[in-house]
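What follows is a short report on a single structure.
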Number of protein chains: 2
Amino acid sequence: MGRPSMAAERTEQIMRATGRCLQKHGLAGTTLERVSEESGLSRSHIRHYVGNRDELLRKFTTWLYTGYEAEFIRKIAAAADREKLPIVMDYLFSSGFLPISDDDAVIRELITAGIADDGIRATMQVHYTSAVQAVEDAVAAEHPAASPGARRTTAYGLWCLAMGNSMMAEFQLPAASGGLVRAAAEALLERLSHD
Amino acid sequence: MGRPSMAAERTEQIMRATGRCLQKHGLAGTTLERVSEESGLSRSHIRHYVGNRDELLRKFTTWLYTGYEAEFIRKIAAAADREKLPIVMDYLFSSGFLPISDDDAVIRELITAGIADDGIRATMQVHYTSAVQAVEDAVAAEHPAASPGARRTTAYGLWCLAMGNSMMAEFQLPAASGGLVRAAAEALLERLSHD
DNA sequence: TAATTGATTGTCATTGCGGAAAAGAAAATG
DNA sequence: CATTTTCTTTTCCGCAATGACAATCAATTA
């Protein structure tokens with residue numbers, strides 16, 4: 001009955017456009033108007049499919065954190081024990097000199113959005129808690145003999161290294177583009193083997 | 001001749017108010033109007049002393065990065081060799097369970113502002129480059145025997161740990177409030193002594 | 001006291017954006 | 001063909017913030 005729904009495709013379109021806007025123009029610059037431009041739809045479309053601006057940001061957040069960002073956690077859970085840590089390291093410190101994920105800027109903006117919106121903040125809290133947990137699982141898989149405390153410290157350290165580096169990368173700091181973080185990360189891990 | 005200038009005090013007032021706005025309402029919420037509220041001055045005052053919104057943000061950035069934020073770098077430079085590293089560690093990982101500096105949110109917003117404004121981005125680039133350098137100096141002072149590469153890795157690692165942790169602290173992530181980062185940081189340093 | 005410099009206040013037009021609703025078009029079903 | 005459902009387009013309104021300008025007011029000096 002009725003005309004077939006475009007909601008799925010349209011929503012996807014809108015979410016992608018929203019991500020690009022956040023990345024290029026920041027939270028402030030992510031207006032319904034601009035999202036509509038970026039997506040090639042009309043502003044009314046956005047309102048029709050997603051709702052008002054607050055809802056757009058909320059939906060975008062859950063979309064992001066159940067999609068690409070959660071991929072990482074799923075991968076770790078699915079991987080064999082001896083694969084877990086290499087996956088983590090690649091994800092966190094990617095390959096060599098490549099710029100880090102494009103999502104960094106987007107995530108920064110969402111943190112800001114979370115100042116005003118409890119829903120967004122909650123979504124992120126939950127996600128990052130389990131992300132750090134996933135890293136810890138990977139560390140545990142590789143170093144079953146290490147103490148829980150040391151594993152936890154190492155896992156959280158790895159995570160912070162990656163976050164901090166991605167922040168510095170936005171300044172195009174010379175240090176951020178080299179392999180420095182990865183070296184630091186490996187130093188952390190190495191210490192886990194020694195003790 | 002003429003009426004004495006209030007520029008110094010007023011500018012200070014305005015800068016502080018701008019900082020509070022950025023912290024509480026984000027970049028988008030930092031309007032001339034709100035800054036004027038927050039400072040107790042009229043909007044015309046802001047325009048009179050600082051200029052338009054873009055200039056406000058530019059001036060705030062340089063104000064921040066030549067004031068409190070640069071304090072750290074000056075301190076390191078002035079300190080005796082054996083004092084340098086303890087100062088760095090305290091600055092980066094503060095004391096125990098306290099929330100990290102209030103400036104974190106502000107700085108995040110400035111990064112966003114830097115997307116659109118070259119001046120702001122340049123200011124931050126310069127500052128962070130020398131901040132990391134200061135950390136490296138401190139590490140070098142404590143570990144003169146270590147290789148330059150290892151020192152650089154450690155210094156940058158320390159910095160990223162601190163940045164990453166402050167980011168996580170904004171989610172009120174349980175891991176961020178404990179002493180985990182500091183432990184990771186000390187692990188990094190420890191490894192420097194061993195080799 | 002007059003002149004000057006800067007502080008302070010007030011006003012007005014413009015713009016960009018968000019919110020809401022109505023009206024029209026298209027595609028499915030009975 | 002009539003009906004229903006959803007898509008699509010259009011229009012209108014209001015708000016909040018900016019930018020620019022003009023007009024007082026206050027303190028200092030010659």
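Every chain in the structure tokens has a letter given in the order shown (A, B, ...), and although residue numbers restart at 1 in each chain, ligands are simply numbered from 1 in the order shown.
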Open item on the list: Set the cut-off to 10 Å and count only C-alpha atoms (C1' of nucleotides): what are the residues of chain B that reach chain C? Output as a ChimeraX atom specification.
Closed with: /B:1-7,41-42,44-45,48
Open item on the list: Taking only C-alpha atoms into account, find every residue of chain B that has an atom no more than 9 Å from chain A, and write it out as a PyMOL selection string.
Closed with: chain B and resi 24-29+105+108-109+111-113+115-116+121-122+124-126+128-129+132+150+152-154+156-168+170-176+179-185+187-188+190-191
Restrict the calculation to only C-alpha atoms (C1' of nucleotides), then for each residue of chain D with any atom at most 7 Å from an atom of chain B give the closest atom pair and their distance in Å to one decimal, rows by chain and rising residue number, as JSON lines.
```
{"residue": "D:DA27", "atom": "C1'", "partner": "B:Arg3", "partner_atom": "CA", "distance": 4.6}
{"residue": "D:DT28", "atom": "C1'", "partner": "B:Gly2", "partner_atom": "CA", "distance": 4.9}
{"residue": "D:DT29", "atom": "C1'", "partner": "B:Met1", "partner_atom": "CA", "distance": 5.4}
```
- [ ] Extract the full set of helix (DSSP H, G or I) residues from stretch 88-124 of chain B according to DSSP on the backbone, and format it as a VMD selection string.
- [x] chain B and resid 88 to 93 103 to 116 118 to 124
Open item on the list: With only C-alpha atoms (C1' of nucleotides) as the counted atoms, please give the residues lying no more than 8 Å from stretch 8-18 of chain A, apart from itself and same-chain residues fewer than 5 positions off, as a list in words.
Closed with: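 After dropping sequence-adjacent residues, the list is Thr30, Val35, Ser36, Glu38, Ser39, Ile46, Tyr49, Val50, Phe60 and Trp63 of chain A.
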Export of prior selection with C-alpha atoms as a short mmCIF file (atom, residue, chain, number, x, y, z; two decimals), in the first residue's frame:
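The resulting file, out.cif, is reproduced below:
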```
data_model
loop_
_atom_site.label_atom_id
_atom_site.label_comp_id
_atom_site.auth_asym_id
_atom_site.auth_seq_id
_atom_site.Cartn_x
_atom_site.Cartn_y
_atom_site.Cartn_z
CA THR A 30 26.31 22.19 10.29
CA VAL A 35 23.30 19.56 5.03
CA SER A 36 20.65 19.94 2.38
CA GLU A 38 25.68 18.80 0.68
CA SER A 39 23.18 15.99 0.22
CA ILE A 46 15.87 16.78 5.92
CA TYR A 49 13.10 12.31 7.05
CA VAL A 50 15.03 13.22 10.14
CA PHE A 60 23.78 11.04 13.28
CA TRP A 63 24.32 6.17 13.15
#
```
